[in-house]
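Enquirer: Supplied in structure tokens, the structure appears directly below.
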Protein chains: 2
Amino acid sequence: MTVQPDPEFDRAIAVTSTSEGRYAGELSGGFVVGGGVNGGYVLAVLGAAVRQAAGEHPDPFSVSAHYLSASRPGRCEVAVEPLRTGRGTSTYSATLSQDGQARVTALATYGDLGRLSDDVRTTAEPPVLPPREECIANDTAPPGMEIPLLGRSEMLVSPDFRRPSGRGEVAAWFRLREGREPDPLALLFAVDALPPATFDLGFYGWAPTVSLAVHVRARPAAGWLRLRHATRNVAGGWFEEDAEVWDSAGRLVAQARQLALMPRG
Amino acid sequence: MTVQPDPEFDRAIAVTSTSEGRYAGELSGGFVVGGGVNGGYVLAVLGAAVRQAAGEHPDPFSVSAHYLSASRPGRCEVAVEPLRTGRGTSTYSATLSQDGQARVTALATYGDLGRLSDDVRTTAEPPVLPPREECIANDTAPPGMEIPLLGRSEMLVSPDFRRPSGRGEVAAWFRLREGREPDPLALLFAVDALPPATFDLGFYGWAPTVSLAVHVRARPAAGWLRLRHATRNVAGGWFEEDAEVWDSAGRLVAQARQLALMPRG
């Protein structure tokens with residue numbers, strides 16, 4: 001693989017400061033899925049703006065987003081407001097808008113993951129996935145659908161991926177294209193990059209995210225990530241979805257939970 | 001048990017509208033624990049203000065809070081701002097302050113739980129707890145500590161509660177005092193009412209919550225609740241804690257996740 005000097009993902013999340021606390025960006029059409037632009041990618045754009053505002057606290061520790069309207073490809077603005085500046089962490093309010101309409105609003109606590117202690121006592125277990133050479137690429141949209149998002153990453157799934165197990169769990173090997181190694185902002189995208197866990201229950205439609213809370217727990221090591229989405233409480237037309245991201249060193253580097261509407265289809 | 005006309009919990013979360021989008025309340029000293037007022041209780045006060053603002057969407061569906069400074073007993077103000085008003089749900093920004101200092105800020109999506117469909121496909125399992133008559137009351141503070149919070153509920157734990165299992169899991173039977181039956185606002189408190197899951201790892205100190213995201217999934221049936229806290233990723237001085245609340249009908253009525261700092265002690 002050729003490592004690009006300015007990989008696609010970095011171009012897609014780039015923001016420029018336009019005035020105090022205001023950042024301009026461009027939502028890439030490459031991340032379109034279902035009824036809009038992928039929510040994890042939009043969160044990474046918002047997160048890139050907060051990163052610029054946050055200075056010595058460059059890393060998202062905890063980002064809690066509520067989605068207000070469907071994002072479209074094209075220009076966007078992110079307004080960032082500091083709520084609390086502390087020694088170890090700082091907290092911001094941030095809203096990404098298009099044409100004056102708020103798309104996603106978030107509370108974001110940032111810090112410096114490089115300053116954390118080395119202790120790790122993780123009891124969670126990584127997803128069970130066949131070796132990559134036995135996996136298949138999840139890059140084919142269902143007939144009649146176009147899913148540009150599928151081209152933004154290499155996503156390798158178990159050969160029995162398309163047979164719903166009924167467990168409500170989806171897992172995959174994952175990496176960005178063009179040699180872009182994972183970092184905390186990429187994890188904001190990764191936690192929402194898999195197909196909804198409801199696929200594994202036999203529901204194949206788009207599942208609109210209402211809220212998404214992400215914890216980034218460590219800077220990921222270079223290499224392939226392993227992702228897992230799972231739902232354990234489908235009820236009343238809603239479901240929760242927990243996401244985990246494991247890095248190539250076997251560390252649980254991000255955890256996320258979203259509340260989403262069940263697909264209509 | 002005598003049912004009080006105005007139970008303690010309702011008095012403690014009562015707020016009064018003072019002007020458009022502004023509510024006044026009083027944080028009760030009865031909910032003090034560790035370094036401040038319990039974060040779930042403070043969230044319930046904030047949630048009571050949003051409920052007043054939300055009109056026909058009375059129930060919290062998804063509330064994402066970031067804690068900015070330690071709350072103290074005494075007067076508080078909640079400022080509520082509508083961000084999106086929809087047919088099924090509406091989203092608000094809300095900040096609870098004391099003497100002009102922000103204590104907790106939240107994004108809150110509210111709806112009407114009574115209007116959801118009846119389908120339930122929960123695969124999660126309720127916590128395993130001995131029958132209540134074999135449990136012991138968790139109402140005794142460690143020597144030298146005073147924990148008013150312990151008097152706000154009846155909390156029944158397994159007799160081996162005080163021997164850390166190393167699994168990072170804490171469970172209890174739970175109900176409010178004075179016959180106050182559970183409702184969605186009480187669930188905002190319940191998700192943070194248990195001792196930290198780190199107790200079960202042998203760390204007994206106070207674990208300050210940095211962020212807390214709660215999903216309320218159904219109006220709870222009357223009667224005892226079962227609560228479970230668990231952590232699966234203690235690392236770098238931080239831990240995540242997942243909370244579940246099960247009602248007397250065996251339904252998973254609330255799920256929450258928080259990011260917290262490991263106790264120093």
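We name chains A, B, ... following the order of the structure tokens; residues begin at 1 in each chain, and ligands are numbered from 1 as shown.
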Counting only C-alpha atoms, which residues of chain B come no farther than 9 Å from chain A, as JSON, numbers by chain?
Expert: {"B": [61, 62, 63, 64, 65, 66, 67, 68, 69, 83, 84, 90, 91, 102, 105, 106, 107, 108, 109, 113, 115, 116, 117, 118, 119, 120, 121, 122, 123, 124, 125, 167, 168, 210, 211, 212, 213, 215, 217, 218, 231, 232, 233, 234, 235, 236, 237, 238, 239, 240, 252, 255, 257, 259]}
Enquirer: Mind checking which residues fall within 9 Å of range 12-24 of chain A, counting only C-alpha atoms, ignoring those fewer than 4 positions away in the same chain, and posting them as a short mmCIF file (atom, residue, chain, number, x, y, z; two decimals) with C-alpha atoms, in the first residue's frame?
Expert:
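Here's the written file result_39.cif:
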data_model
loop_
_atom_site.label_atom_id
_atom_site.label_comp_id
_atom_site.auth_asym_id
_atom_site.auth_seq_id
_atom_site.Cartn_x
_atom_site.Cartn_y
_atom_site.Cartn_z
CA PRO A 7 -4.99 10.70 3.14
CA GLU A 8 -8.66 10.91 2.22
CA SER A 28 -17.66 14.71 2.00
CA GLY A 30 -18.02 9.85 0.17
CA PHE A 31 -19.48 9.18 3.63
CA TYR A 41 -17.87 10.76 10.36
CA VAL A 42 -19.83 13.95 11.11
CA ALA A 44 -15.13 13.29 13.66
CA VAL A 45 -15.47 16.60 11.79
CA LEU A 46 -16.99 18.19 14.90
CA GLY A 47 -14.25 16.55 16.96
CA ALA A 48 -11.56 18.00 14.70
CA ALA A 49 -12.90 21.49 15.38
CA VAL A 50 -12.94 20.89 19.15
CA GLN A 52 -8.27 22.89 17.36
CA ALA A 53 -10.06 24.82 20.10
CA ARG A 75 -20.16 23.04 3.56
CA CYS A 76 -20.59 22.99 7.31
CA GLU A 77 -19.73 25.20 10.24
CA VAL A 78 -18.78 24.10 13.75
CA ALA A 79 -19.28 26.48 16.69
CA VAL A 80 -17.22 25.54 19.75
CA GLU A 81 -17.77 27.03 23.18
CA PRO A 82 -15.57 26.27 26.21
CA LEU A 185 -10.45 11.31 15.77
#
Enquirer: Do a neighbour search on Glu133 in chain A at 12 Å with only C-alpha atoms, toss out local chain neighbours closer than 4 positions, and write the hits as a PyMOL selection string.
Expert: chain A and resi 129+137+156-159+173
Enquirer: Using only C-alpha atoms, pick whichever of A:Pro263, A:Pro143, A:Pro220, A:Pro195 has the shortest atom-to-atom distance to Glu181 in chain A.
Expert: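 Closest to Glu181 in chain A, using only C-alpha atoms: A:Pro220.
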Enquirer: Write down as number ranges by chain the residues belonging to range 19-264 of chain B that are assigned strand (DSSP E or B) by DSSP computed on the backbone.
Expert: B: 19, 22-27, 32-33, 36-37, 59-67, 74-85, 89-98, 101-111, 120-122, 136-137, 153-157, 169-176, 209-216, 225-230, 233-235, 238-246, 252-261
Enquirer: Considering only C-alpha atoms, return as a list of chain:residue names whatever protein or nucleic-acid residues lie within 10 Å of Arg162 in chain A, sequence-local ones (same chain, fewer than 2 positions apart) excluded.
Expert: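 Near Arg162 in chain A, the qualifying residues are A:Asn138, A:Val157, A:Ser158, A:Pro159, A:Asp160, A:Pro164, A:Ser165, A:Phe199, A:Asp200, A:Gly202.
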Enquirer: When DSSP is applied to the backbone of this structure, which of range 70-214 of chain A are assigned helix (DSSP H, G or I)? Write them out as a list in words.
Expert: Leu113, Gly114, Arg115, Arg132, Glu133, Glu134, Pro148, Leu149, Leu150, Gly151, Arg152, Pro184, Leu185, Ala186, Leu187, Leu188, Phe189, Ala190, Ala197, Thr198, Phe199, Asp200 and Leu201 of chain A
Enquirer: Only C-alpha atoms, please: the residues just picked out, written as a PDB file, in the first residue's frame.
Expert:
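The new file result_3.pdb reads:
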ATOM      1  CA  LEU A 113      -4.272  10.545  26.341  1.00  0.00           C
ATOM      2  CA  GLY A 114      -0.466  10.602  26.268  1.00  0.00           C
ATOM      3  CA  ARG A 115      -0.411  11.775  29.888  1.00  0.00           C
ATOM      4  CA  ARG A 132      -8.241 -11.661   7.951  1.00  0.00           C
ATOM      5  CA  GLU A 133      -7.285 -14.061   5.161  1.00  0.00           C
ATOM      6  CA  GLU A 134     -10.446 -16.072   5.871  1.00  0.00           C
ATOM      7  CA  PRO A 148     -20.484   5.475  -0.791  1.00  0.00           C
ATOM      8  CA  LEU A 149     -19.478   4.928   2.861  1.00  0.00           C
ATOM      9  CA  LEU A 150     -18.432   1.367   2.026  1.00  0.00           C
ATOM     10  CA  GLY A 151     -15.544   2.743  -0.031  1.00  0.00           C
ATOM     11  CA  ARG A 152     -14.055   4.737   2.828  1.00  0.00           C
ATOM     12  CA  PRO A 184      -8.530   9.317  18.417  1.00  0.00           C
ATOM     13  CA  LEU A 185     -10.449  11.309  15.766  1.00  0.00           C
ATOM     14  CA  ALA A 186     -10.608   8.260  13.502  1.00  0.00           C
ATOM     15  CA  LEU A 187     -12.090   6.341  16.439  1.00  0.00           C
ATOM     16  CA  LEU A 188     -15.028   8.781  16.549  1.00  0.00           C
ATOM     17  CA  PHE A 189     -15.770   7.554  13.022  1.00  0.00           C
ATOM     18  CA  ALA A 190     -14.944   3.912  13.678  1.00  0.00           C
ATOM     19  CA  ALA A 197     -26.354  -4.458  14.925  1.00  0.00           C
ATOM     20  CA  THR A 198     -29.989  -4.910  13.866  1.00  0.00           C
ATOM     21  CA  PHE A 199     -28.651  -6.432  10.588  1.00  0.00           C
ATOM     22  CA  ASP A 200     -27.813  -9.485  12.653  1.00  0.00           C
ATOM     23  CA  LEU A 201     -31.472  -9.656  13.705  1.00  0.00           C
TER      24      LEU A 201
END
Enquirer: Identify, on the basis of only C-alpha atoms, every residue whose closest approach to Pro142 in chain B does not exceed 12 Å; exclude the query and any residue fewer than 3 positions from it along the same chain; express the result as a list in words.
Expert: Gly34, Asn138, Asp139, Met145, Glu146, Ile147, Leu150, Arg162, Tyr204 and Gly205 of chain B
Enquirer: Mind giving me the straight-line distance from CA of Glu244 in chain B to CA of Tyr110 in chain B in Å, one decimal?
Expert: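 That distance, rounded to one decimal, is 19.3 Å.
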Enquirer: Have a look at B:Pro58, B:Gln101, B:Glu178, B:Asp192 and name the one nearest to Arg11 in chain B; count only C-alpha atoms.
Expert: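 Smallest distance to Arg11 in chain B is found for B:Glu178.
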